[in-house]
>>> print(open('target.cif').read())   # mmCIF, C-alpha atoms and all ligand atoms
data_work
#
loop_
_atom_site.label_atom_id
_atom_site.label_comp_id
_atom_site.auth_asym_id
_atom_site.auth_seq_id
_atom_site.Cartn_x
_atom_site.Cartn_y
_atom_site.Cartn_z
CA MET A 1 67.81 74.58 93.43
CA LYS A 2 70.03 77.15 91.72
CA ASN A 3 70.93 76.87 88.05
CA ILE A 4 74.37 77.93 86.86
CA SER A 5 76.72 77.65 83.89
CA VAL A 6 80.50 77.44 84.23
CA LEU A 7 82.73 78.78 81.45
CA GLY A 8 86.28 77.49 81.91
CA SER A 9 85.12 74.47 83.94
CA THR A 10 88.39 72.52 83.54
CA GLY A 11 90.64 75.26 84.97
CA SER A 12 91.66 76.19 88.48
CA ILE A 13 88.58 78.34 89.24
CA GLY A 14 86.28 76.10 87.18
CA THR A 15 87.18 72.89 89.03
CA GLN A 16 86.96 74.66 92.41
CA THR A 17 83.51 75.95 91.40
CA LEU A 18 82.45 72.36 90.76
CA ASP A 19 83.92 71.38 94.18
CA VAL A 20 81.62 73.99 95.75
CA VAL A 21 78.67 72.67 93.73
CA ARG A 22 79.47 69.08 94.79
CA ALA A 23 79.78 70.02 98.47
CA ASN A 24 76.47 71.90 98.57
CA GLY A 25 74.33 69.56 96.49
CA ASP A 26 71.66 72.13 95.60
CA ILE A 27 73.04 73.66 92.40
CA HIS A 28 72.26 72.34 88.93
CA ILE A 29 74.87 72.79 86.19
CA CYS A 30 73.18 73.89 82.95
CA ALA A 31 76.23 74.38 80.74
CA LEU A 32 80.00 73.94 80.76
CA ALA A 33 82.75 75.26 78.49
CA ALA A 34 86.48 74.68 78.11
CA GLY A 35 89.26 75.03 75.56
CA SER A 36 90.36 71.50 74.74
CA ASN A 37 90.45 69.27 77.84
CA ILE A 38 87.78 66.82 76.71
CA LYS A 39 88.88 64.09 79.11
CA LEU A 40 87.94 66.16 82.14
CA LEU A 41 84.86 67.56 80.38
CA GLU A 42 83.59 64.02 79.84
CA GLN A 43 83.91 63.26 83.57
CA GLN A 44 82.13 66.55 84.36
CA ILE A 45 79.30 65.72 81.91
CA ARG A 46 78.78 62.30 83.51
CA GLU A 47 78.78 63.78 87.02
CA PHE A 48 76.82 67.03 86.53
CA HIS A 49 74.54 66.34 83.50
CA PRO A 50 74.68 69.75 81.73
CA SER A 51 72.46 70.21 78.68
CA VAL A 52 75.07 72.17 76.66
CA VAL A 53 78.86 71.84 76.60
CA CYS A 54 81.21 73.96 74.50
CA VAL A 55 84.70 72.89 73.47
CA TRP A 56 86.54 75.75 71.77
CA LYS A 57 88.37 73.50 69.30
CA GLU A 58 86.00 72.02 66.73
CA GLU A 59 87.83 68.73 66.20
CA LYS A 60 87.95 68.16 69.97
CA ALA A 61 84.23 68.96 70.17
CA LYS A 62 83.53 66.23 67.59
CA GLU A 63 85.64 63.75 69.53
CA LEU A 64 83.83 64.58 72.77
CA ALA A 65 80.41 64.30 71.08
CA SER A 66 81.25 60.77 69.99
CA ASN A 67 82.62 59.84 73.45
CA VAL A 68 79.42 60.99 75.19
CA ALA A 69 76.95 59.82 72.57
CA ASP A 70 75.12 57.93 75.36
CA CYS A 71 74.45 61.19 77.31
CA SER A 72 71.74 63.72 76.51
CA VAL A 73 74.00 66.73 76.00
CA ARG A 74 74.51 69.09 73.07
CA ILE A 75 78.19 69.58 72.23
CA VAL A 76 78.98 72.90 70.55
CA SER A 77 82.21 74.71 69.62
CA GLY A 78 83.89 78.04 68.82
CA MET A 79 82.66 81.50 69.83
CA GLU A 80 79.11 80.69 68.75
CA GLY A 81 79.19 77.67 71.05
CA LEU A 82 80.70 79.62 73.92
CA ILE A 83 77.91 82.18 73.61
CA GLU A 84 75.34 79.37 73.52
CA ALA A 85 76.81 77.96 76.75
CA ALA A 86 76.73 81.46 78.31
CA THR A 87 73.07 81.99 77.44
CA VAL A 88 71.44 78.60 78.14
CA GLU A 89 67.90 79.41 79.15
CA GLN A 90 67.62 77.90 82.65
CA ALA A 91 70.87 79.35 84.03
CA GLU A 92 70.55 82.20 86.54
CA ILE A 93 74.27 82.75 87.16
CA VAL A 94 77.16 82.34 84.72
CA VAL A 95 80.58 81.76 86.26
CA THR A 96 83.11 83.31 83.89
CA ALA A 97 86.34 81.42 84.58
CA VAL A 98 87.92 81.33 81.14
CA VAL A 99 91.31 82.97 80.94
CA GLY A 100 91.87 86.07 78.82
CA MET A 101 89.89 88.44 76.60
CA ILE A 102 88.04 85.51 75.02
CA GLY A 103 85.56 86.11 77.88
CA ILE A 104 84.29 89.48 76.61
CA ARG A 105 81.64 88.32 74.14
CA PRO A 106 80.15 85.49 76.23
CA THR A 107 79.98 87.77 79.31
CA ILE A 108 78.12 90.45 77.36
CA ALA A 109 75.81 87.83 75.82
CA ALA A 110 75.05 86.36 79.27
CA ILE A 111 74.11 89.76 80.72
CA GLU A 112 71.96 90.51 77.68
CA ALA A 113 70.22 87.17 78.20
CA GLY A 114 69.38 88.21 81.80
CA LYS A 115 72.03 86.26 83.72
CA ASP A 116 73.93 87.41 86.79
CA ILE A 117 77.70 86.97 86.49
CA ALA A 118 80.11 85.40 88.98
CA LEU A 119 83.18 87.03 87.51
CA ALA A 120 86.64 85.50 87.77
CA ASN A 121 87.74 86.49 84.27
CA LYS A 122 89.25 89.88 85.17
CA GLU A 123 90.69 90.48 81.67
CA THR A 124 87.10 91.04 80.47
CA LEU A 125 86.42 93.89 82.91
CA VAL A 126 89.87 95.40 82.41
CA THR A 127 89.30 95.74 78.67
CA ALA A 128 85.52 96.16 78.43
CA GLY A 129 84.46 97.50 81.86
CA HIS A 130 83.04 100.63 80.21
CA ILE A 131 80.64 98.39 78.24
CA ILE A 132 79.91 95.68 80.80
CA MET A 133 79.16 97.75 83.91
CA PRO A 134 76.58 100.08 82.24
CA LEU A 135 75.02 97.07 80.48
CA ALA A 136 74.64 95.17 83.77
CA LYS A 137 73.02 98.26 85.31
CA GLN A 138 70.68 98.72 82.38
CA LYS A 139 69.65 95.04 82.46
CA ASN A 140 69.44 95.10 86.27
CA ARG A 141 71.92 92.22 86.57
CA LYS A 142 74.52 91.68 89.27
CA ILE A 143 78.26 91.13 88.84
CA PHE A 144 79.52 89.09 91.80
CA PRO A 145 83.30 89.26 92.10
CA VAL A 146 85.13 85.93 92.41
CA ASP A 147 88.66 87.39 92.50
CA SER A 148 89.55 87.05 96.21
CA GLU A 149 90.50 90.72 96.72
CA HIS A 150 87.35 91.99 95.02
CA SER A 151 85.21 89.54 96.95
CA ALA A 152 86.84 90.88 100.13
CA ILE A 153 86.00 94.44 99.09
CA PHE A 154 82.45 93.38 98.17
CA GLN A 155 82.06 91.72 101.59
CA SER A 156 83.50 94.80 103.33
CA LEU A 157 80.92 96.97 101.54
CA ASN A 158 77.94 94.95 102.78
CA GLY A 159 75.35 97.39 104.12
CA GLU A 160 77.60 100.40 103.48
CA ASN A 161 76.98 103.43 101.29
CA ARG A 162 79.39 103.14 98.37
CA LYS A 163 79.48 106.95 98.05
CA GLN A 164 81.28 107.00 101.41
CA ILE A 165 84.30 105.01 100.24
CA ASP A 166 87.48 107.03 100.77
CA LYS A 167 89.85 104.47 99.34
CA ILE A 168 90.31 100.80 98.58
CA LEU A 169 93.30 99.03 100.10
CA LEU A 170 94.00 96.22 97.63
CA THR A 171 96.27 93.65 99.22
CA ALA A 172 98.93 91.64 97.37
CA SER A 173 101.20 88.82 98.44
CA GLY A 174 104.06 90.31 96.42
CA GLY A 175 104.58 86.96 94.67
CA PRO A 176 107.70 84.77 94.61
CA PHE A 177 110.10 87.64 93.81
CA ARG A 178 109.06 90.09 96.53
CA GLY A 179 112.06 91.98 97.85
CA ARG A 180 114.24 91.36 94.78
CA LYS A 181 115.66 94.11 92.60
CA LYS A 182 115.40 94.22 88.81
CA SER A 183 119.02 93.08 88.34
CA GLU A 184 118.20 89.93 90.32
CA LEU A 185 115.34 89.04 87.95
CA VAL A 186 117.35 88.90 84.72
CA HIS A 187 117.72 85.12 84.74
CA VAL A 188 114.31 84.12 86.14
CA ARG A 189 113.19 80.78 84.65
CA VAL A 190 109.63 79.71 83.89
CA GLU A 191 109.73 77.20 86.79
CA ASP A 192 110.76 79.93 89.26
CA ALA A 193 107.96 82.25 88.18
CA LEU A 194 105.38 79.44 88.44
CA LYS A 195 106.04 79.00 92.18
CA HIS A 196 103.51 81.16 94.01
CA PRO A 197 104.03 81.32 97.79
CA ASN A 198 100.35 81.18 98.88
CA TRP A 199 97.92 80.44 96.03
CA SER A 200 97.64 77.56 93.56
CA MET A 201 96.25 78.96 90.28
CA GLY A 202 96.35 78.63 86.48
CA LYS A 203 99.69 79.30 84.75
CA LYS A 204 98.88 82.69 83.25
CA ILE A 205 97.68 84.28 86.49
CA THR A 206 100.61 82.74 88.39
CA ILE A 207 103.07 84.49 86.06
CA ASP A 208 100.97 87.68 86.33
CA SER A 209 101.24 87.45 90.12
CA SER A 210 105.01 87.18 89.94
CA THR A 211 105.29 90.29 87.71
CA MET A 212 102.55 92.08 89.72
CA VAL A 213 100.70 92.71 86.46
CA ASN A 214 97.94 90.69 88.12
CA LYS A 215 97.67 93.35 90.83
CA GLY A 216 97.66 96.01 88.15
CA LEU A 217 94.79 94.28 86.34
CA GLU A 218 93.03 94.05 89.71
CA VAL A 219 93.38 97.81 90.24
CA ILE A 220 91.52 98.37 86.95
CA GLU A 221 89.02 95.60 87.81
CA ALA A 222 88.30 97.34 91.17
CA LYS A 223 87.85 100.68 89.46
CA TRP A 224 84.99 99.22 87.37
CA LEU A 225 83.43 97.01 90.03
CA PHE A 226 83.29 99.65 92.76
CA ASP A 227 83.09 102.83 90.67
CA VAL A 228 86.16 104.51 92.17
CA ASP A 229 89.07 106.42 90.62
CA VAL A 230 92.33 104.57 90.10
CA ASP A 231 93.89 107.12 92.49
CA GLN A 232 91.59 105.88 95.24
CA ILE A 233 93.09 102.39 95.05
CA GLN A 234 96.23 101.72 97.06
CA VAL A 235 98.13 98.46 96.69
CA VAL A 236 99.37 97.15 100.03
CA ILE A 237 101.78 94.20 100.16
CA GLN A 238 100.65 91.70 102.81
CA PRO A 239 102.87 88.67 102.24
CA GLN A 240 100.94 86.15 104.38
CA SER A 241 97.74 86.56 102.25
CA VAL A 242 95.58 86.70 105.36
CA ILE A 243 93.91 90.07 104.74
CA HIS A 244 92.19 89.71 101.37
CA SER A 245 91.58 93.47 100.97
CA MET A 246 90.14 96.42 102.87
CA VAL A 247 87.95 99.48 102.40
CA GLN A 248 88.64 102.80 104.12
CA PHE A 249 85.58 105.02 104.54
CA VAL A 250 85.34 108.82 104.76
CA ASP A 251 85.33 108.72 108.58
CA GLY A 252 88.65 106.83 108.59
CA ALA A 253 87.13 103.46 109.54
CA ILE A 254 88.68 100.49 107.75
CA ILE A 255 86.73 97.28 107.16
CA ALA A 256 88.56 94.18 105.94
CA GLN A 257 87.87 90.53 105.19
CA LEU A 258 90.36 87.98 106.50
CA GLY A 259 90.70 84.24 106.13
CA THR A 260 92.96 81.44 104.94
CA PRO A 261 93.78 81.67 101.22
CA ASP A 262 91.09 79.48 99.61
CA MET A 263 89.33 80.50 96.39
CA LYS A 264 86.34 78.34 97.30
CA LEU A 265 85.23 81.01 99.77
CA PRO A 266 84.83 83.83 97.21
CA ILE A 267 83.37 81.36 94.68
CA GLN A 268 80.76 80.12 97.16
CA TYR A 269 79.99 83.66 98.36
CA ALA A 270 79.34 84.74 94.75
CA LEU A 271 77.03 81.77 94.12
CA TYR A 272 74.96 82.14 97.32
CA TYR A 273 75.13 85.89 98.04
CA PRO A 274 73.83 87.24 100.40
CA GLN A 275 73.81 83.89 102.24
CA ARG A 276 76.87 82.35 103.86
CA ARG A 277 77.22 78.59 103.77
CA PHE A 278 79.45 76.20 105.69
CA LEU A 279 82.78 75.72 103.92
CA ALA A 280 85.13 72.95 105.00
CA GLY A 281 88.79 73.85 105.42
CA ASP A 282 91.34 75.43 107.73
CA ARG A 283 90.40 78.44 109.83
CA LEU A 284 92.74 81.29 110.73
CA ASP A 285 94.37 80.61 114.08
CA PHE A 286 95.35 83.92 115.65
CA ALA A 287 97.10 82.15 118.51
CA ALA A 288 99.44 80.38 116.09
CA MET A 289 99.83 83.26 113.65
CA ARG A 290 102.83 85.30 114.75
CA GLN A 291 102.29 88.40 112.66
CA ILE A 292 100.65 90.09 109.73
CA THR A 293 103.14 92.38 107.99
CA PHE A 294 102.84 95.16 105.44
CA GLU A 295 105.06 96.70 102.77
CA ASP A 296 104.80 99.24 99.97
CA PRO A 297 104.96 97.81 96.43
CA ASP A 298 108.23 98.34 94.54
CA MET A 299 106.98 99.81 91.27
CA GLU A 300 110.47 100.21 89.81
CA THR A 301 111.21 96.48 89.97
CA PHE A 302 107.63 95.45 89.24
CA GLN A 303 107.09 97.90 86.41
CA GLY A 304 103.97 96.11 85.20
CA LEU A 305 102.09 97.48 88.21
CA LYS A 306 103.14 101.04 87.39
CA LEU A 307 102.13 100.55 83.74
CA ALA A 308 98.73 99.23 84.81
CA TYR A 309 98.09 102.32 86.96
CA GLU A 310 99.00 104.42 83.94
CA ALA A 311 96.68 102.39 81.69
CA GLY A 312 93.86 102.60 84.24
CA LYS A 313 94.20 106.40 84.43
CA LYS A 314 94.37 106.89 80.66
CA GLY A 315 91.42 104.55 80.04
CA GLY A 316 89.92 104.06 76.56
CA SER A 317 91.76 101.29 74.71
CA VAL A 318 94.98 101.61 76.76
CA PRO A 319 94.01 98.86 79.27
CA THR A 320 93.29 96.61 76.27
CA VAL A 321 96.81 97.20 74.95
CA LEU A 322 98.26 96.54 78.41
CA ASN A 323 96.26 93.33 78.75
CA ALA A 324 96.76 92.04 75.20
CA ALA A 325 100.50 92.76 75.33
CA ASN A 326 100.71 90.99 78.67
CA GLU A 327 98.74 87.93 77.42
CA LYS A 328 101.06 87.66 74.41
CA ALA A 329 104.25 88.29 76.40
CA VAL A 330 103.32 85.75 79.08
CA SER A 331 102.61 83.11 76.47
CA LEU A 332 106.00 83.86 74.79
CA PHE A 333 107.72 83.63 78.18
CA LEU A 334 105.99 80.29 78.95
CA ASP A 335 107.22 79.06 75.55
CA HIS A 336 110.80 80.15 76.47
CA LYS A 337 110.84 82.65 73.58
CA ILE A 338 111.51 85.80 75.62
CA SER A 339 113.15 86.56 78.96
CA TYR A 340 111.27 87.39 82.15
CA LEU A 341 112.05 91.13 82.14
CA GLN A 342 110.96 91.40 78.52
CA ILE A 343 107.35 90.93 79.66
CA ALA A 344 107.22 94.47 81.11
CA GLU A 345 109.34 95.80 78.24
CA ILE A 346 106.84 94.44 75.68
CA ILE A 347 103.89 95.92 77.59
CA GLU A 348 105.53 99.35 77.76
CA SER A 349 106.55 99.42 74.08
CA SER A 350 103.05 98.31 73.04
CA MET A 351 101.42 101.01 75.18
CA ASN A 352 103.64 103.60 73.48
CA ALA A 353 103.05 102.28 69.96
CA ILE A 354 99.36 101.42 69.63
CA PRO A 355 97.01 104.38 68.91
CA VAL A 356 94.48 105.14 71.66
CA ILE A 357 90.73 104.89 71.03
CA ASP A 358 88.33 106.51 73.54
CA GLN A 359 85.32 104.42 74.56
CA PRO A 360 86.21 101.53 72.21
CA SER A 361 83.39 99.26 71.02
CA VAL A 362 83.79 95.47 71.38
CA GLU A 363 84.94 95.36 67.75
CA GLU A 364 87.50 98.12 68.42
CA ILE A 365 88.73 96.30 71.55
CA LEU A 366 89.29 93.16 69.49
CA GLN A 367 90.95 95.21 66.72
CA THR A 368 93.26 96.74 69.33
CA GLU A 369 94.08 93.24 70.59
CA ARG A 370 95.00 92.16 67.04
CA ALA A 371 97.05 95.33 66.42
CA THR A 372 98.95 94.72 69.68
CA TYR A 373 99.68 91.09 68.73
CA GLU A 374 100.86 92.14 65.26
CA PHE A 375 103.13 94.81 66.74
CA ILE A 376 104.69 92.29 69.14
CA GLU A 377 105.08 89.64 66.42
CA SER A 378 106.83 92.13 64.13
CA ARG A 379 109.21 93.35 66.86
CA TRP A 380 109.96 90.25 68.96
CA MET A 381 109.20 87.24 66.80
CA ALA A 382 110.43 88.31 63.37
P1 LIG B 401 93.21 78.13 84.07
O1 LIG B 401 94.26 78.30 83.05
O2 LIG B 401 93.43 77.19 85.19
O3 LIG B 401 91.83 77.72 83.36
C1 LIG B 401 91.36 78.38 82.22
C2 LIG B 401 90.06 77.75 81.76
O4 LIG B 401 89.63 78.40 80.56
C3 LIG B 401 90.19 76.26 81.39
O5 LIG B 401 88.98 75.61 81.69
C4 LIG B 401 90.41 76.32 79.89
O6 LIG B 401 90.08 75.11 79.22
C5 LIG B 401 89.44 77.42 79.55
N1 LIG B 401 89.68 78.02 78.25
C6 LIG B 401 90.86 78.45 77.74
N2 LIG B 401 90.68 78.92 76.49
C7 LIG B 401 89.36 78.77 76.21
C8 LIG B 401 88.55 79.04 75.08
N3 LIG B 401 89.07 79.58 73.98
N4 LIG B 401 87.23 78.76 75.16
C9 LIG B 401 86.69 78.21 76.26
N5 LIG B 401 87.41 77.92 77.36
C10 LIG B 401 88.72 78.19 77.32
O7 LIG B 401 92.90 79.60 84.62
P2 LIG B 401 92.40 80.04 86.08
O8 LIG B 401 91.25 79.21 86.51
O9 LIG B 401 93.56 80.23 86.95
O10 LIG B 401 91.87 81.51 85.74
C11 LIG B 401 90.64 81.77 85.08
C12 LIG B 401 90.31 83.25 85.22
O11 LIG B 401 90.09 83.52 86.59
C13 LIG B 401 91.44 84.18 84.77
O12 LIG B 401 90.88 85.30 84.18
C14 LIG B 401 92.13 84.54 86.06
O13 LIG B 401 92.74 85.81 86.01
C15 LIG B 401 90.96 84.57 87.04
N6 LIG B 401 91.33 84.31 88.43
C16 LIG B 401 91.89 83.12 88.80
C17 LIG B 401 92.24 82.87 90.11
C18 LIG B 401 92.79 81.55 90.54
O14 LIG B 401 92.95 81.33 91.75
N7 LIG B 401 93.09 80.65 89.66
C19 LIG B 401 92.07 83.91 91.14
C20 LIG B 401 91.43 85.10 90.66
C21 LIG B 401 91.08 85.28 89.35
P3 LIG B 401 91.21 73.95 78.95
O15 LIG B 401 91.49 73.35 80.30
O16 LIG B 401 90.54 72.99 78.05
O17 LIG B 401 92.39 74.64 78.37
MG MG B 402 93.21 88.16 93.00
#
>>> encode(input="target.cif", output="structure tokens")
Amino acid sequence: MKNISVLGSTGSIGTQTLDVVRANGDIHICALAAGSNIKLLEQQIREFHPSVVCVWKEEKAKELASNVADCSVRIVSGMEGLIEAATVEQAEIVVTAVVGMIGIRPTIAAIEAGKDIALANKETLVTAGHIIMPLAKQKNRKIFPVDSEHSAIFQSLNGENRKQIDKILLTASGGPFRGRKKSELVHVRVEDALKHPNWSMGKKITIDSSTMVNKGLEVIEAKWLFDVDVDQIQVVIQPQSVIHSMVQFVDGAIIAQLGTPDMKLPIQYALYYPQRRFLAGDRLDFAAMRQITFEDPDMETFQGLKLAYEAGKKGGSVPTVLNAANEKAVSLFLDHKISYLQIAEIIESSMNAIPVIDQPSVEEILQTERATYEFIESRWMA
């Protein structure tokens, strides 16, 4: 029996994690956490019997506590509660599937408490990779990537010497607007941007995929996970999402992981590494598949990707500004308060305006997040 906690259990990755748990039958859920969806949390409590459950919003936590008064579960709330869920004693692995920088503190707390991390929450590594990676090394804890590309890279590196990586070929579907020019994206509506061709995901990451900021965040995520320079990471558009990423070694050999697009595979691999388990679902059929095609990314149209490369190279607090500006801009776009192309515009202006801090502490990362939000509010929401 394995013991795990799932932060963000009501979301796209969280619910698929629980599907994997249900299908295998040999994992115990110690703790769950979500933002406000107490209806689904109640079902999860009754099915998986966690001992601690965090609901971010205090009033919702109280409501849930009264709804599950017949269950033996402690309901907690806020950041203190999220950290409690991340550090529950019996858990060996914490799945971090919350969305956004809210994941930084609980991830650090989980590593400090001796947990391995199954990491979906890329925003945490993008902004605090310089704190999290050395901490995991010092505490001798593992970070198992859940992001499909990073899982593919991790699988391609099995048994290899990481010092012999020449470059990482990070694949991207290109999103719903692949092939369009900037002038064709002026009138993009929220509904258009939420239609991803191959993957079904939470709203924020779906918008990030359409702007290619998601790929940019993944470049920075890969830099931390695999200890490579940003210049060693090449984004390759592969619209069918069949090749999930590749590693080129110093001798020119390229190793890749392929499969149908299904997040349950990387989730299950992270939970059972180094074992592979049966996973139900479609298999790739090379007889039916006509072709796998490749393109170069268009960094002029998808400026967010170019800005992310720049942020990854500059380092320090710049990736935090990129990420915070993107989180704010995406939420304004989802609320119909700004246009689609303003997302990249807001990221670029924020990166130019907010002072850079080298090696920022967690407090400085959160200060930078606040400064970025204030800058955007004063310029775009006044
Ligand atoms: P969703 O929006 O579907 O889910 C987010 C989850 O986080 C929900 O459970 C939500 O709870 C919870 N949450 C939000 N705010 C808080 C908070 N303050 N405290 C505690 N929990 C909170 O997102 P995804 O599952 O799509 O993405 C999660 C992470 O995984 C992101 O970082 C994303 O980039 C990454 N990822 C996702 C992939 C995917 O296929 N979806 C692929 C690769 C990476 P509630 O439901 O109550 O709001
Ligand atoms: Mg991904």
>>> residues_near_ligand(input="target.cif", ligand="ligand MG 402 (chain B)", cutoff="9 Å", atoms="only C-alpha atoms and all ligand atoms", output="PyMOL selection string")
chain A and resi 120+122+146-150+171-172+205+209+214-215+218+244
>>> residues_around(input="target.cif", residues="range 134-138 of chain A", least_positions_apart="3", cutoff="10 Å", atoms="only C-alpha atoms", output="PyMOL selection string")
chain A and resi 108+110-112+114-117+129-131+141-143+224
>>> residues_near_point(input="target.cif", point="(82.4, 97.2, 104.5)", cutoff="10 Å", atoms="all atoms listed in the file", output="compact mmCIF listing (two decimals) with C-alpha atoms, in the coordinates of the input")
# COMPACT_ATOMS: atom_id res chain seq x y z
CA ALA A 152 86.84 90.88 100.13
CA ILE A 153 86.00 94.44 99.09
CA PHE A 154 82.45 93.38 98.17
CA GLN A 155 82.06 91.72 101.59
CA SER A 156 83.50 94.80 103.33
CA LEU A 157 80.92 96.97 101.54
CA ASN A 158 77.94 94.95 102.78
CA GLY A 159 75.35 97.39 104.12
CA GLU A 160 77.60 100.40 103.48
CA ASN A 161 76.98 103.43 101.29
CA ARG A 162 79.39 103.14 98.37
CA ILE A 165 84.30 105.01 100.24
CA MET A 246 90.14 96.42 102.87
CA VAL A 247 87.95 99.48 102.40
CA GLN A 248 88.64 102.80 104.12
CA PHE A 249 85.58 105.02 104.54
CA ALA A 253 87.13 103.46 109.54
CA ILE A 254 88.68 100.49 107.75
CA ILE A 255 86.73 97.28 107.16
CA ALA A 256 88.56 94.18 105.94
CA GLN A 257 87.87 90.53 105.19
>>> axis_aligned_box(input="target.cif", around="ligand LIG 401 (chain B)", padding_each_side="8 Å", output="JSON")
{"center_x": 90.5, "center_y": 79.4, "center_z": 82.9, "size_x": 23.6, "size_y": 28.8, "size_z": 33.8}
>>> residues_near_ligand(input="target.cif", ligand="ligand LIG 401 (chain B)", cutoff="6 Å", atoms="all atoms listed in the file", output="number ranges by chain")
A: 8-14, 33-37, 56, 97-100, 120-123, 147, 201-203, 205, 263
>>> closest_residue(input="target.cif", among="A:Ala109, A:Ala329, A:Ile168, A:Ile93", to="Lys2 in chain A", atoms="only C-alpha atoms")
A:Ile93
>>> residues_near_point(input="target.cif", point="(83.5, 70.9, 94.7)", cutoff="12 Å", atoms="all atoms listed in the file", output="ChimeraX atom specification")
/A:9,12-27,44,47-48,263-265,267-268,279-280
>>> residues_around(input="target.cif", residues="Ile45 in chain A", least_positions_apart="4", cutoff="9 Å", atoms="all atoms listed in the file", output="JSON, numbers by chain")
{"A": [32, 40, 41, 49, 50, 51, 53, 68, 71, 73]}
>>> atom_distance(input="target.cif", atom1="CA of Ala61 in chain A", atom2="CA of Gly81 in chain A")
10.1 Å
>>> decode(input="target.cif", residues="range 121-132 of chain A", atoms="N, CA, C and O atoms", output="tab-separated table (two decimals), in the first residue's frame")
chain	number	residue	atom	x	y	z
A	121	ASN	N	2.12	21.05	-10.80
A	121	ASN	CA	2.05	22.50	-10.61
A	121	ASN	C	3.35	23.19	-11.07
A	121	ASN	O	4.21	23.55	-10.30
A	122	LYS	N	3.44	23.38	-12.40
A	122	LYS	CA	4.69	23.90	-12.99
A	122	LYS	C	5.03	25.30	-12.53
A	122	LYS	O	6.19	25.67	-12.45
A	123	GLU	N	3.98	26.13	-12.20
A	123	GLU	CA	4.23	27.52	-11.80
A	123	GLU	C	5.17	27.58	-10.58
A	123	GLU	O	5.93	28.54	-10.43
A	124	THR	N	5.11	26.56	-9.73
A	124	THR	CA	5.96	26.50	-8.55
A	124	THR	C	7.43	26.36	-8.93
A	124	THR	O	8.29	27.05	-8.39
A	125	LEU	N	7.73	25.48	-9.87
A	125	LEU	CA	9.14	25.31	-10.27
A	125	LEU	C	9.63	26.50	-11.07
A	125	LEU	O	10.79	26.89	-10.96
A	126	VAL	N	8.75	27.07	-11.90
A	126	VAL	CA	9.13	28.21	-12.72
A	126	VAL	C	9.60	29.36	-11.83
A	126	VAL	O	10.60	30.02	-12.10
A	127	THR	N	8.87	29.59	-10.73
A	127	THR	CA	9.18	30.75	-9.89
A	127	THR	C	10.16	30.44	-8.76
A	127	THR	O	10.90	31.31	-8.34
A	128	ALA	N	10.16	29.19	-8.28
A	128	ALA	CA	10.98	28.87	-7.10
A	128	ALA	C	11.87	27.65	-7.34
A	128	ALA	O	12.30	27.00	-6.38
A	129	GLY	N	12.19	27.36	-8.58
A	129	GLY	CA	13.05	26.20	-8.90
A	129	GLY	C	14.40	26.28	-8.21
A	129	GLY	O	14.94	25.26	-7.77
A	130	HIS	N	14.92	27.50	-8.07
A	130	HIS	CA	16.24	27.68	-7.43
A	130	HIS	C	16.20	27.38	-5.94
A	130	HIS	O	17.23	27.22	-5.31
A	131	ILE	N	15.00	27.31	-5.36
A	131	ILE	CA	14.86	26.95	-3.94
A	131	ILE	C	14.48	25.46	-3.83
A	131	ILE	O	15.05	24.73	-3.02
A	132	ILE	N	13.55	25.04	-4.68
A	132	ILE	CA	12.99	23.69	-4.56
A	132	ILE	C	13.99	22.59	-4.97
A	132	ILE	O	14.13	21.59	-4.26
